[in-house]
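Undergrad: This is protein.txt (compact mmCIF, C-alpha atoms and all ligand atoms).
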# COMPACT_ATOMS: atom_id res chain seq x y z
CA MET A 1 0.00 0.00 0.00
CA GLY A 2 2.82 2.33 0.83
CA ARG A 3 4.20 1.55 -2.58
CA VAL A 4 0.95 2.40 -4.37
CA PHE A 5 0.79 5.62 -2.45
CA PHE A 6 4.36 6.39 -3.38
CA ILE A 7 3.70 5.76 -7.06
CA LEU A 8 0.64 7.98 -6.87
CA LEU A 9 2.66 10.67 -5.19
CA ALA A 10 5.46 10.31 -7.71
CA THR A 11 2.98 10.58 -10.56
CA LEU A 12 1.37 13.66 -9.06
CA THR A 13 4.78 15.21 -8.51
CA LEU A 14 5.72 14.44 -12.09
CA LEU A 15 2.46 15.97 -13.31
CA LYS A 16 3.07 19.02 -11.18
CA LEU A 17 6.60 19.36 -12.51
CA THR A 18 5.42 18.86 -16.09
CA CYS A 19 2.70 21.47 -15.67
CA ALA A 20 5.13 23.81 -14.00
CA SER A 21 7.59 23.51 -16.83
CA GLU A 22 4.85 24.26 -19.37
CA THR A 23 4.19 27.64 -17.81
CA PRO A 24 7.59 28.57 -16.50
CA THR A 25 8.69 31.97 -15.41
CA ALA A 26 11.38 33.28 -17.71
CA ALA A 27 13.96 33.12 -14.95
CA GLY A 28 12.90 29.60 -13.99
CA SER A 29 13.25 28.23 -17.49
CA GLU A 30 16.58 29.98 -17.99
CA LEU A 31 17.82 28.43 -14.78
CA HIS A 32 16.55 25.07 -15.91
CA LEU A 33 18.42 25.33 -19.19
CA LEU A 34 21.57 26.37 -17.36
CA THR A 35 21.50 23.55 -14.83
CA ARG A 36 20.72 20.95 -17.55
CA GLU A 37 23.60 22.17 -19.66
CA LEU A 38 26.07 22.18 -16.76
CA LEU A 39 25.05 18.75 -15.52
CA ASP A 40 25.17 17.29 -19.02
CA SER A 41 28.68 18.68 -19.51
CA ALA A 42 29.85 17.41 -16.13
CA ARG A 43 28.42 13.96 -16.86
CA LYS A 44 30.20 13.49 -20.18
CA PRO A 45 32.35 10.37 -19.83
CA GLU A 46 35.64 12.22 -20.31
CA PHE A 47 34.62 14.85 -17.73
CA ILE A 48 33.71 12.14 -15.22
CA ASP A 49 37.00 10.35 -15.90
CA TRP A 50 38.91 13.56 -15.26
CA LEU A 51 37.03 14.24 -12.01
CA THR A 52 37.46 10.67 -10.81
CA ARG A 53 41.19 10.67 -11.57
CA ILE A 54 41.69 13.88 -9.61
CA ARG A 55 39.69 12.66 -6.64
CA ARG A 56 41.57 9.35 -6.49
CA THR A 57 44.95 11.05 -6.79
CA ILE A 58 44.13 13.29 -3.84
CA HIS A 59 42.61 10.40 -1.93
CA GLN A 60 45.82 8.39 -2.21
CA LYS A 61 47.92 11.27 -0.92
CA PRO A 62 45.99 12.77 2.01
CA GLU A 63 47.66 15.70 3.79
CA LEU A 64 46.83 17.05 7.22
CA ALA A 65 45.88 20.64 8.09
CA PHE A 66 48.29 23.29 6.71
CA GLU A 67 50.44 20.59 5.11
CA GLU A 68 48.34 20.36 1.93
CA HIS A 69 51.35 21.07 -0.32
CA ASP A 70 50.83 18.38 -2.95
CA THR A 71 47.07 18.91 -2.97
CA SER A 72 47.60 22.63 -3.46
CA GLU A 73 50.09 21.95 -6.23
CA LEU A 74 47.70 19.58 -7.97
CA ILE A 75 44.99 22.25 -7.84
CA ARG A 76 47.34 24.87 -9.25
CA SER A 77 48.53 22.65 -12.06
CA GLN A 78 44.94 21.87 -13.04
CA LEU A 79 44.07 25.57 -12.95
CA ASP A 80 47.14 26.28 -15.09
CA LEU A 81 45.94 23.72 -17.63
CA LEU A 82 42.51 25.37 -17.64
CA GLY A 83 44.08 28.83 -18.00
CA VAL A 84 42.60 30.08 -14.73
CA ASP A 85 44.43 32.74 -12.69
CA TYR A 86 44.84 32.45 -8.95
CA ALA A 87 46.39 34.15 -5.93
CA TRP A 88 48.75 31.94 -3.94
CA PRO A 89 49.90 31.19 -1.27
CA ILE A 90 47.31 32.27 1.27
CA ALA A 91 47.43 30.83 4.80
CA ASN A 92 50.29 28.50 3.77
CA THR A 93 48.77 26.26 1.15
CA GLY A 94 45.50 28.03 0.31
CA LEU A 95 44.64 29.77 -2.94
CA VAL A 96 41.89 31.80 -4.54
CA ALA A 97 41.21 31.42 -8.26
CA SER A 98 39.26 33.99 -10.29
CA ILE A 99 37.06 33.37 -13.30
CA GLY A 100 35.10 36.07 -15.11
CA SER A 101 35.34 39.77 -15.85
CA GLY A 102 37.21 40.69 -12.66
CA LEU A 103 34.42 43.16 -11.92
CA HIS A 104 31.90 42.94 -9.10
CA PRO A 105 29.89 41.15 -7.97
CA TRP A 106 32.36 38.60 -6.64
CA PHE A 107 30.79 35.30 -5.74
CA GLY A 108 32.77 32.81 -3.66
CA LEU A 109 32.79 29.02 -3.87
CA ARG A 110 34.76 27.20 -1.22
CA ALA A 111 36.46 23.83 -0.83
CA ASP A 112 38.59 22.60 2.06
CA MET A 113 41.70 20.53 1.32
CA ASP A 114 42.84 18.76 4.49
CA ALA A 115 42.59 15.12 5.52
CA LEU A 116 42.30 13.48 8.94
CA PRO A 117 44.78 11.59 11.12
CA ILE A 118 42.91 8.33 10.59
CA ARG A 119 44.24 5.09 9.12
CA GLU A 120 42.06 4.07 6.16
CA MET A 121 40.48 0.65 6.66
CA VAL A 122 38.74 0.46 3.28
CA GLU A 123 40.47 -2.01 0.97
CA TRP A 124 40.31 -0.66 -2.56
CA GLU A 125 42.60 0.19 -5.42
CA TYR A 126 42.98 3.86 -4.51
CA LYS A 127 43.37 3.46 -0.76
CA SER A 128 45.42 6.08 1.08
CA LYS A 129 49.15 5.54 0.67
CA GLU A 130 49.90 7.61 3.76
CA ASP A 131 49.71 5.47 6.85
CA GLY A 132 47.58 7.15 9.49
CA LYS A 133 46.11 9.76 7.14
CA MET A 134 42.83 9.57 5.30
CA HIS A 135 40.31 11.71 3.47
CA ALA A 136 37.54 10.48 5.74
CA CYS A 137 35.63 13.77 5.63
CA GLY A 138 35.38 13.89 1.84
CA HIS A 139 37.54 16.99 1.36
CA ASP A 140 39.15 15.22 -1.60
CA ALA A 141 35.69 15.32 -3.20
CA HIS A 142 35.24 18.98 -2.25
CA VAL A 143 38.46 19.95 -4.04
CA THR A 144 37.50 17.85 -7.04
CA MET A 145 34.01 19.30 -7.31
CA LEU A 146 35.41 22.83 -7.14
CA LEU A 147 37.95 22.05 -9.88
CA GLY A 148 35.04 20.63 -11.86
CA ALA A 149 33.22 23.92 -11.36
CA ALA A 150 36.34 25.78 -12.52
CA LYS A 151 36.33 23.80 -15.75
CA LEU A 152 32.62 24.43 -16.33
CA LEU A 153 32.92 28.12 -15.49
CA GLN A 154 36.02 28.64 -17.59
CA THR A 155 34.15 27.66 -20.77
CA LYS A 156 31.58 30.33 -19.90
CA ARG A 157 34.01 32.98 -18.65
CA HIS A 158 33.04 35.57 -21.28
CA GLU A 159 29.37 35.34 -20.36
CA LEU A 160 29.83 35.76 -16.60
CA LYS A 161 28.33 38.97 -15.24
CA GLY A 162 31.00 39.46 -12.63
CA THR A 163 33.59 37.20 -11.08
CA VAL A 164 33.57 33.78 -9.48
CA LYS A 165 36.20 33.32 -6.77
CA LEU A 166 37.19 29.75 -6.03
CA VAL A 167 38.52 29.46 -2.51
CA PHE A 168 40.67 26.42 -1.73
CA GLN A 169 41.42 26.57 1.99
CA PRO A 170 43.65 24.60 4.32
CA GLY A 171 43.03 23.28 7.78
CA GLU A 172 39.28 22.85 8.21
CA GLU A 173 39.63 20.00 10.69
CA GLY A 174 40.19 22.04 13.83
CA GLY A 175 42.74 24.40 12.32
CA ALA A 176 40.34 27.25 11.51
CA GLY A 177 41.85 27.49 8.03
CA ALA A 178 38.90 29.63 6.93
CA TYR A 179 39.73 32.13 9.67
CA HIS A 180 43.34 32.32 8.53
CA MET A 181 42.29 32.80 4.90
CA MET A 182 39.92 35.56 6.02
CA LYS A 183 42.64 37.24 8.08
CA GLU A 184 44.88 37.33 5.02
CA GLY A 185 42.14 39.07 3.06
CA ALA A 186 41.24 36.12 0.85
CA VAL A 187 37.52 36.86 0.89
CA ASP A 188 37.59 40.67 1.15
CA ASN A 189 34.94 42.33 -1.03
CA PHE A 190 33.05 39.12 -1.78
CA GLN A 191 29.30 39.69 -2.09
CA ALA A 192 28.40 36.15 -1.05
CA ILE A 193 29.83 32.66 -0.68
CA PHE A 194 28.62 29.08 -1.07
CA ALA A 195 30.02 25.70 -0.04
CA LEU A 196 29.14 22.04 -0.23
CA HIS A 197 29.92 19.21 2.16
CA VAL A 198 29.43 15.59 1.22
CA THR A 199 27.35 13.48 3.59
CA PRO A 200 26.19 9.87 3.77
CA SER A 201 23.09 11.10 5.64
CA PHE A 202 21.38 11.66 2.29
CA PRO A 203 21.37 9.56 -0.88
CA THR A 204 23.50 10.49 -3.86
CA GLY A 205 21.58 13.00 -5.92
CA ALA A 206 20.01 14.73 -2.92
CA ILE A 207 21.12 17.97 -1.28
CA ALA A 208 20.11 19.49 2.04
CA SER A 209 20.42 22.66 4.06
CA ARG A 210 18.38 24.99 6.20
CA PRO A 211 17.99 28.75 6.63
CA GLY A 212 19.54 30.26 9.76
CA PRO A 213 21.75 28.31 12.17
CA MET A 214 22.76 24.91 10.80
CA LEU A 215 25.93 23.83 12.61
CA ALA A 216 27.17 24.70 16.07
CA GLY A 217 29.83 27.07 17.24
CA ALA A 218 32.56 25.14 19.04
CA GLY A 219 35.46 25.77 21.37
CA ARG A 220 37.93 23.53 23.13
CA PHE A 221 39.50 23.48 26.55
CA VAL A 222 42.39 21.78 28.30
CA VAL A 223 42.62 21.82 32.10
CA ILE A 224 45.46 21.13 34.49
CA ILE A 225 44.49 20.56 38.12
CA GLU A 226 47.40 20.82 40.46
CA GLY A 227 47.18 19.20 43.87
CA GLN A 228 49.77 17.73 46.12
CA GLY A 229 50.75 14.12 45.53
CA GLY A 230 51.53 11.57 48.20
CA HIS A 231 50.86 8.14 49.57
CA ALA A 232 47.38 6.83 48.89
CA ALA A 233 47.21 5.57 52.48
CA ASN A 234 47.62 9.15 53.80
CA PRO A 235 45.07 11.23 51.86
CA HIS A 236 45.05 13.85 54.61
CA ALA A 237 48.67 14.63 53.79
CA THR A 238 47.84 15.25 50.13
CA ARG A 239 45.55 17.42 48.04
CA ASP A 240 43.85 15.01 45.72
CA PRO A 241 43.60 16.33 42.15
CA ILE A 242 41.72 13.20 40.98
CA LEU A 243 38.83 14.02 43.28
CA ALA A 244 38.96 17.71 42.38
CA ALA A 245 38.89 16.90 38.66
CA SER A 246 36.07 14.40 39.15
CA SER A 247 33.94 16.96 40.99
CA ALA A 248 34.70 19.55 38.37
CA ILE A 249 33.67 17.23 35.55
CA VAL A 250 30.39 16.31 37.24
CA SER A 251 29.68 20.01 37.81
CA LEU A 252 30.44 20.85 34.19
CA GLN A 253 27.48 18.72 33.17
CA GLN A 254 25.18 21.05 35.06
CA ILE A 255 26.04 24.10 32.99
CA VAL A 256 23.88 22.96 30.09
CA SER A 257 21.28 21.05 32.11
CA ARG A 258 20.70 23.76 34.76
CA GLU A 259 21.89 27.09 33.40
CA THR A 260 21.01 27.29 29.74
CA ASP A 261 17.56 27.44 28.15
CA PRO A 262 16.43 23.87 27.43
CA LEU A 263 15.18 25.07 24.05
CA GLU A 264 18.64 26.31 23.10
CA ALA A 265 21.12 23.63 22.15
CA GLY A 266 24.37 23.37 24.06
CA VAL A 267 27.01 20.72 24.66
CA VAL A 268 29.85 20.29 27.13
CA THR A 269 31.84 17.09 26.65
CA VAL A 270 35.00 16.03 28.44
CA GLY A 271 36.83 13.83 25.97
CA PHE A 272 40.04 13.00 27.78
CA PHE A 273 41.20 12.51 31.34
CA GLU A 274 44.76 11.72 32.40
CA GLY A 275 46.00 11.40 35.95
CA GLY A 276 48.10 9.12 38.05
CA GLN A 277 49.88 5.87 37.31
CA ALA A 278 49.84 3.78 40.44
CA LEU A 279 47.18 2.17 42.59
CA ASN A 280 48.72 3.44 45.80
CA VAL A 281 49.74 6.96 44.87
CA ILE A 282 47.76 10.18 44.81
CA PRO A 283 49.22 12.09 41.85
CA GLN A 284 50.38 15.67 41.78
CA THR A 285 48.36 16.70 38.74
CA VAL A 286 45.48 15.68 36.52
CA ARG A 287 44.84 16.83 32.95
CA PHE A 288 41.53 16.70 31.17
CA GLY A 289 39.80 18.51 28.38
CA GLY A 290 37.00 18.57 25.87
CA THR A 291 34.73 20.61 23.67
CA PHE A 292 31.80 22.96 24.20
CA ARG A 293 29.21 23.96 21.66
CA SER A 294 26.27 26.26 21.09
CA MET A 295 24.17 27.53 18.21
CA THR A 296 24.79 31.14 19.21
CA ILE A 297 27.81 33.32 19.98
CA GLU A 298 26.23 34.41 23.27
CA GLY A 299 25.67 30.77 24.23
CA LEU A 300 29.26 29.94 23.40
CA ILE A 301 30.62 32.85 25.44
CA TYR A 302 28.40 31.97 28.38
CA ILE A 303 29.40 28.30 28.44
CA GLN A 304 33.08 29.18 28.07
CA GLN A 305 32.92 31.60 30.99
CA ARG A 306 31.15 29.07 33.19
CA ILE A 307 33.54 26.23 32.31
CA LYS A 308 36.38 28.36 33.65
CA GLU A 309 34.51 29.36 36.81
CA VAL A 310 33.19 25.92 37.63
CA ILE A 311 36.56 24.24 37.22
CA GLU A 312 38.50 26.87 39.17
CA MET A 313 36.00 26.85 42.00
CA GLN A 314 35.68 23.09 42.20
CA ALA A 315 39.47 22.87 42.30
CA SER A 316 39.58 25.29 45.18
CA VAL A 317 36.86 23.39 47.07
CA HIS A 318 39.36 20.53 47.06
CA ARG A 319 42.34 22.77 47.94
CA CYS A 320 43.79 22.36 44.47
CA SER A 321 44.44 24.94 41.77
CA ALA A 322 43.35 24.85 38.15
CA THR A 323 44.43 26.39 34.89
CA VAL A 324 41.90 26.35 32.09
CA ASP A 325 43.28 26.90 28.60
CA PHE A 326 40.92 27.60 25.71
CA MET A 327 43.84 27.54 23.23
CA GLU A 328 42.52 30.60 21.46
CA GLU A 329 45.79 31.84 19.99
CA LYS A 330 46.49 28.49 18.43
CA MET A 331 42.98 27.65 17.42
CA LYS A 332 40.10 30.10 17.16
CA PRO A 333 36.77 28.83 18.50
CA TYR A 334 34.44 28.24 15.54
CA PRO A 335 31.31 30.40 15.44
CA ALA A 336 28.02 28.76 14.48
CA THR A 337 27.39 28.19 10.78
CA VAL A 338 24.43 30.41 9.98
CA ASN A 339 22.90 30.41 6.53
CA ASP A 340 21.68 33.72 5.20
CA LYS A 341 18.01 33.35 4.27
CA SER A 342 18.18 34.76 0.78
CA MET A 343 21.43 32.95 -0.05
CA TYR A 344 19.82 29.75 1.20
CA GLU A 345 16.78 30.41 -0.99
CA HIS A 346 19.01 31.12 -3.95
CA ALA A 347 21.02 27.92 -3.60
CA LYS A 348 17.88 25.92 -2.90
CA ARG A 349 16.26 27.18 -6.10
CA VAL A 350 19.36 26.29 -8.09
CA GLY A 351 19.50 22.90 -6.38
CA GLU A 352 15.83 22.19 -7.12
CA SER A 353 16.41 22.96 -10.74
CA LEU A 354 19.50 20.73 -10.85
CA VAL A 355 18.47 17.65 -8.84
CA GLY A 356 14.70 18.05 -8.71
CA GLU A 357 12.49 19.53 -6.02
CA GLN A 358 11.94 16.17 -4.33
CA ASN A 359 15.69 15.78 -3.82
CA VAL A 360 16.20 19.02 -1.91
CA LYS A 361 15.73 18.32 1.79
CA LEU A 362 15.55 20.41 4.91
CA ALA A 363 18.65 19.48 6.90
CA PRO A 364 18.31 19.17 10.67
CA MET A 365 20.46 21.38 12.88
CA ALA A 366 23.49 19.51 14.14
CA MET A 367 26.08 20.13 16.84
CA GLY A 368 28.97 19.40 14.50
CA ALA A 369 31.10 22.44 13.65
CA GLU A 370 32.61 23.67 10.42
CA ASP A 371 35.01 26.55 9.84
CA PHE A 372 32.99 27.82 6.86
CA SER A 373 31.17 29.51 9.75
CA PHE A 374 33.84 32.24 9.77
CA PHE A 375 32.75 33.23 6.27
CA THR A 376 29.09 33.19 7.36
CA THR A 377 29.89 35.89 9.93
CA LYS A 378 31.31 38.14 7.22
CA MET A 379 28.88 37.94 4.30
CA PRO A 380 25.67 36.28 3.09
CA ALA A 381 26.58 32.63 2.89
CA ALA A 382 25.00 29.24 2.31
CA PHE A 383 26.35 25.86 3.31
CA PHE A 384 24.75 22.81 1.71
CA ALA A 385 25.14 19.11 2.34
CA ILE A 386 25.30 16.90 -0.73
CA GLY A 387 24.36 13.25 -0.38
CA THR A 388 26.73 10.36 -1.10
CA LYS A 389 24.82 7.43 0.33
CA ASN A 390 24.36 4.45 -1.97
CA GLU A 391 23.76 1.07 -0.38
CA THR A 392 24.64 -0.78 -3.58
CA ILE A 393 28.24 0.40 -3.42
CA GLY A 394 28.33 0.55 0.38
CA SER A 395 28.88 4.29 0.76
CA VAL A 396 26.98 4.33 4.03
CA LYS A 397 29.60 4.86 6.74
CA GLU A 398 29.64 8.16 8.52
CA LEU A 399 32.17 10.95 8.01
CA HIS A 400 35.39 10.56 10.03
CA SER A 401 34.99 6.76 10.00
CA PRO A 402 38.05 4.76 8.83
CA TYR A 403 35.52 2.87 6.70
CA PHE A 404 34.16 5.99 4.98
CA VAL A 405 33.46 5.37 1.29
CA LEU A 406 32.52 8.09 -1.16
CA ASP A 407 30.07 7.57 -3.99
CA GLU A 408 32.00 9.24 -6.82
CA GLU A 409 28.74 9.87 -8.68
CA VAL A 410 28.47 12.95 -6.48
CA LEU A 411 31.41 14.60 -8.27
CA PRO A 412 29.68 15.82 -11.46
CA ILE A 413 26.56 16.82 -9.49
CA GLY A 414 28.62 18.90 -7.05
CA ALA A 415 30.64 20.49 -9.85
CA ALA A 416 27.48 21.50 -11.71
CA LEU A 417 25.79 22.76 -8.54
CA HIS A 418 28.76 24.98 -7.66
CA ALA A 419 28.91 26.41 -11.16
CA ALA A 420 25.14 26.94 -11.42
CA ALA A 421 24.94 28.62 -8.01
CA ALA A 422 27.68 31.04 -9.06
CA ILE A 423 26.47 31.83 -12.58
CA SER A 424 22.88 32.43 -11.52
CA PHE A 425 23.95 34.59 -8.59
CA LEU A 426 25.95 36.81 -10.94
CA GLU A 427 22.94 37.03 -13.27
CA ASN A 428 20.78 38.25 -10.45
CA PRO A 429 22.79 39.61 -7.54
CA VAL A 430 20.23 42.24 -6.50
CA GLU A 431 17.69 39.59 -5.62
CA ASN A 432 20.31 38.19 -3.31
CA HIS A 433 20.93 41.44 -1.40
C1 LIG B 501 23.92 3.29 -6.63
O1 LIG B 501 24.94 2.71 -7.38
C2 LIG B 501 24.50 1.82 -8.37
C3 LIG B 501 25.73 1.18 -8.97
O2 LIG B 501 26.64 2.16 -9.43
C4 LIG B 501 23.63 2.55 -9.37
O3 LIG B 501 23.14 1.64 -10.35
C5 LIG B 501 22.48 3.22 -8.65
O4 LIG B 501 21.73 4.01 -9.54
C6 LIG B 501 23.01 4.10 -7.52
N1 LIG B 501 21.91 4.64 -6.74
C7 LIG B 501 21.83 5.94 -6.41
C8 LIG B 501 20.72 6.32 -5.52
O5 LIG B 501 22.62 6.76 -6.84
ZN ZN B 502 35.47 16.60 9.13
ZN ZN B 503 34.63 18.17 6.50
Show me the file's structure as structure tokens.

TA:
Amino acid sequence: MGRVFFILLATLTLLKLTCASETPTAAGSELHLLTRELLDSARKPEFIDWLTRIRRTIHQKPELAFEEHDTSELIRSQLDLLGVDYAWPIANTGLVASIGSGLHPWFGLRADMDALPIREMVEWEYKSKEDGKMHACGHDAHVTMLLGAAKLLQTKRHELKGTVKLVFQPGEEGGAGAYHMMKEGAVDNFQAIFALHVTPSFPTGAIASRPGPMLAGAGRFVVIIEGQGGHAANPHATRDPILAASSAIVSLQQIVSRETDPLEAGVVTVGFFEGGQALNVIPQTVRFGGTFRSMTIEGLIYIQQRIKEVIEMQASVHRCSATVDFMEEKMKPYPATVNDKSMYEHAKRVGESLVGEQNVKLAPMAMGAEDFSFFTTKMPAAFFAIGTKNETIGSVKELHSPYFVLDEEVLPIGAALHAAAAISFLENPVENH
């Protein structure tokens, strides 16, 4: 019965789409022609071969944050072959390519280049050749899709009503590469920016996003609790940092549960705890640390402040002292990723035209973080997830898993989506601010 209903629904949808395309708005039909053309080009066998070769080359040679030298070089050599100009280096290995008239508006497309310190467990021909490093977050696909967009855009460079800026950034995985690119002026004077992230949460051919906050802001903390070590049989002659740290950690869990609005998402997680070595010794110090998250800047600031207070005070209850390090010089806390409403609408419309209305989903909010968020604080921005799940080929494992498999069929779709989002924004920038 469910099946009959589905067929009925599918038929109705098809009818609706058919009717809609018989009386299209001029802009709608133009967009439809554009997305068809781009997707057809990107799905030509030789285009797919080229994309697949690039993705596999990068996949075999994963590089960690700010070490993306070979990846950056591969990108530059492909851009050279395409005849695309770029500014380089930015934030070590990053670069920004330009396609179009050079005039405003400038529309940004972004890909991140770094891999993860994970040993790949997938056995296949193009498995990572770097032991302990893997593109388990799909950034190899992001780079490839953006190069695909460069190739599509380059053939249309004389028709572009402005300039497309292709941002290849280092260090997304905790390194705040986007922040460092921004600090070096890489996205100055952009009117808007768009990015894609692959995800096995949706099937290949689907995309998803949401207006407003989508991903959390996130910070990190490392704590040292200093007590006074001694014999475990004489606790009164010591100041026990294990107990102080334990109390502090229990109290940390009450920041979100007792102090923040239950309708506003927040997370405090302690992810590591190190202290002591022997059964009969109270150690001198304990180290622990973790992450805290919120959907708002105010929430993030509040939780951060309270983490410091709670730990310091709990330490002093137990006659210990604490230092709480948020590592802000080394690693900026990530703000929340907030999609601008009209940029979201723009990308959604382009996506609907490209993959079909039924394949554009509303993404749930998630407490994961993403450094694209730095760009979202500076200009109208949209961040979209693009599905890679296909049970037939087994691309079902989550991001950051050593078993992560990418469905390479996403590559031409992502390339076309990037290019279409950029071209149509340049055609109609006023509508988008
Ligand atoms: C999954 O992959 C198989 C084999 O390549 C293909 O036939 C099928 O259409 C794919 N399904 C989706 C949803 O992409
Ligand atoms: Zn990741
Ligand atoms: Zn990622």

Undergrad: Which residues come within 8 Å of Thr337 (chain A), counting all atoms listed in the file, excluding same-chain residues fewer than 6 positions away, as a PDB file with C-alpha atoms, in the frame of the given file?

TA:
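For reference, around.pdb as written:
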ATOM      1  CA  PRO A 213      21.750  28.310  12.170  1.00  0.00           C
ATOM      2  CA  MET A 214      22.760  24.910  10.800  1.00  0.00           C
ATOM      3  CA  LEU A 215      25.930  23.830  12.610  1.00  0.00           C
ATOM      4  CA  ALA A 216      27.170  24.700  16.070  1.00  0.00           C
ATOM      5  CA  GLY A 217      29.830  27.070  17.240  1.00  0.00           C
ATOM      6  CA  ALA A 369      31.100  22.440  13.650  1.00  0.00           C
ATOM      7  CA  GLU A 370      32.610  23.670  10.420  1.00  0.00           C
ATOM      8  CA  ASP A 371      35.010  26.550   9.840  1.00  0.00           C
ATOM      9  CA  PHE A 372      32.990  27.820   6.860  1.00  0.00           C
ATOM     10  CA  SER A 373      31.170  29.510   9.750  1.00  0.00           C
ATOM     11  CA  PHE A 374      33.840  32.240   9.770  1.00  0.00           C
ATOM     12  CA  THR A 376      29.090  33.190   7.360  1.00  0.00           C
ATOM     13  CA  PHE A 383      26.350  25.860   3.310  1.00  0.00           C
TER      14      PHE A 383
END

Undergrad: Within 12 Å of ligand ZN 503 (chain B) (counting all atoms listed in the file), which residues show up? I'd like them as a PyMOL selection string.

TA: chain A and resi 65+110-116+134-143+169-177+195-199+368-372+383-386+398-401

Undergrad: Quick one: of A:Arg293, A:Lys308, A:Lys161, A:Arg258, who's nearest to Asn428 (chain A), counting all atoms listed in the file?

TA: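 Of the candidates, the smallest distance to Asn428 (chain A) is held by A:Lys161.
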
Undergrad: For ligand LIG 501 (chain B), list the contacting residues at 8 Å or closer, counting only C-alpha atoms and all ligand atoms, as a PyMOL selection string.

TA: chain A and resi 203-205+388-393+407+409

Undergrad: Hey, what's within 10 Å of Val317 (chain A) if we count all atoms listed in the file and toss same-chain stuff fewer than 5 positions away? As a PDB file with C-alpha atoms, in the frame of the given file, please?

TA:
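Output below, filename result_28.pdb:
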ATOM      1  CA  ALA A 244      38.960  17.710  42.380  1.00  0.00           C
ATOM      2  CA  SER A 247      33.940  16.960  40.990  1.00  0.00           C
ATOM      3  CA  ALA A 248      34.700  19.550  38.370  1.00  0.00           C
ATOM      4  CA  ILE A 311      36.560  24.240  37.220  1.00  0.00           C
ATOM      5  CA  GLU A 312      38.500  26.870  39.170  1.00  0.00           C
TER       6      GLU A 312
END

Undergrad: Restricting the calculation to only C-alpha atoms: of A:Ser72, A:Gln253, A:Thr323, A:Ser316, which residue gets closest to Leu147 (chain A)?

TA: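 Nearest to Leu147 (chain A): A:Ser72.
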
Undergrad: Under the rule that only C-alpha atoms are counted, which of A:Leu300, A:Leu153, A:Leu160, A:Met145 is the nearest residue to Ser101 (chain A)?

TA: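 Under the stated criterion, the closest residue is A:Leu160.
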
Undergrad: Select, from A:Phe273, A:Phe292, A:Phe66, A:Phe326, the residue with the minimum atom-to-atom distance to His180 (chain A), counting all atoms listed in the file.

TA: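 Smallest separation from His180 (chain A) among the options: A:Phe66.
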
Undergrad: What does the structure give for the distance between CA of Ala419 (chain A) and CA of Gln60 (chain A), in Å to one decimal?

TA: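 Taking CA of Ala419 (chain A) as the start and CA of Gln60 (chain A) as the end point, the length is 26.3 Å.
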
Undergrad: For each of A:Val350, A:Val360, A:Val338, A:Ile193, take the minimum atom-to-atom distance to Ala421 (chain A), counting all atoms listed in the file, then give the residue where this is smallest.

TA: A:Val350

Undergrad: Between A:Trp106, A:Phe404, A:Phe272, A:Tyr126, which residue has the minimum interatomic distance to ligand ZN 502 (chain B), considering only C-alpha atoms and all ligand atoms?

TA: A:Phe404
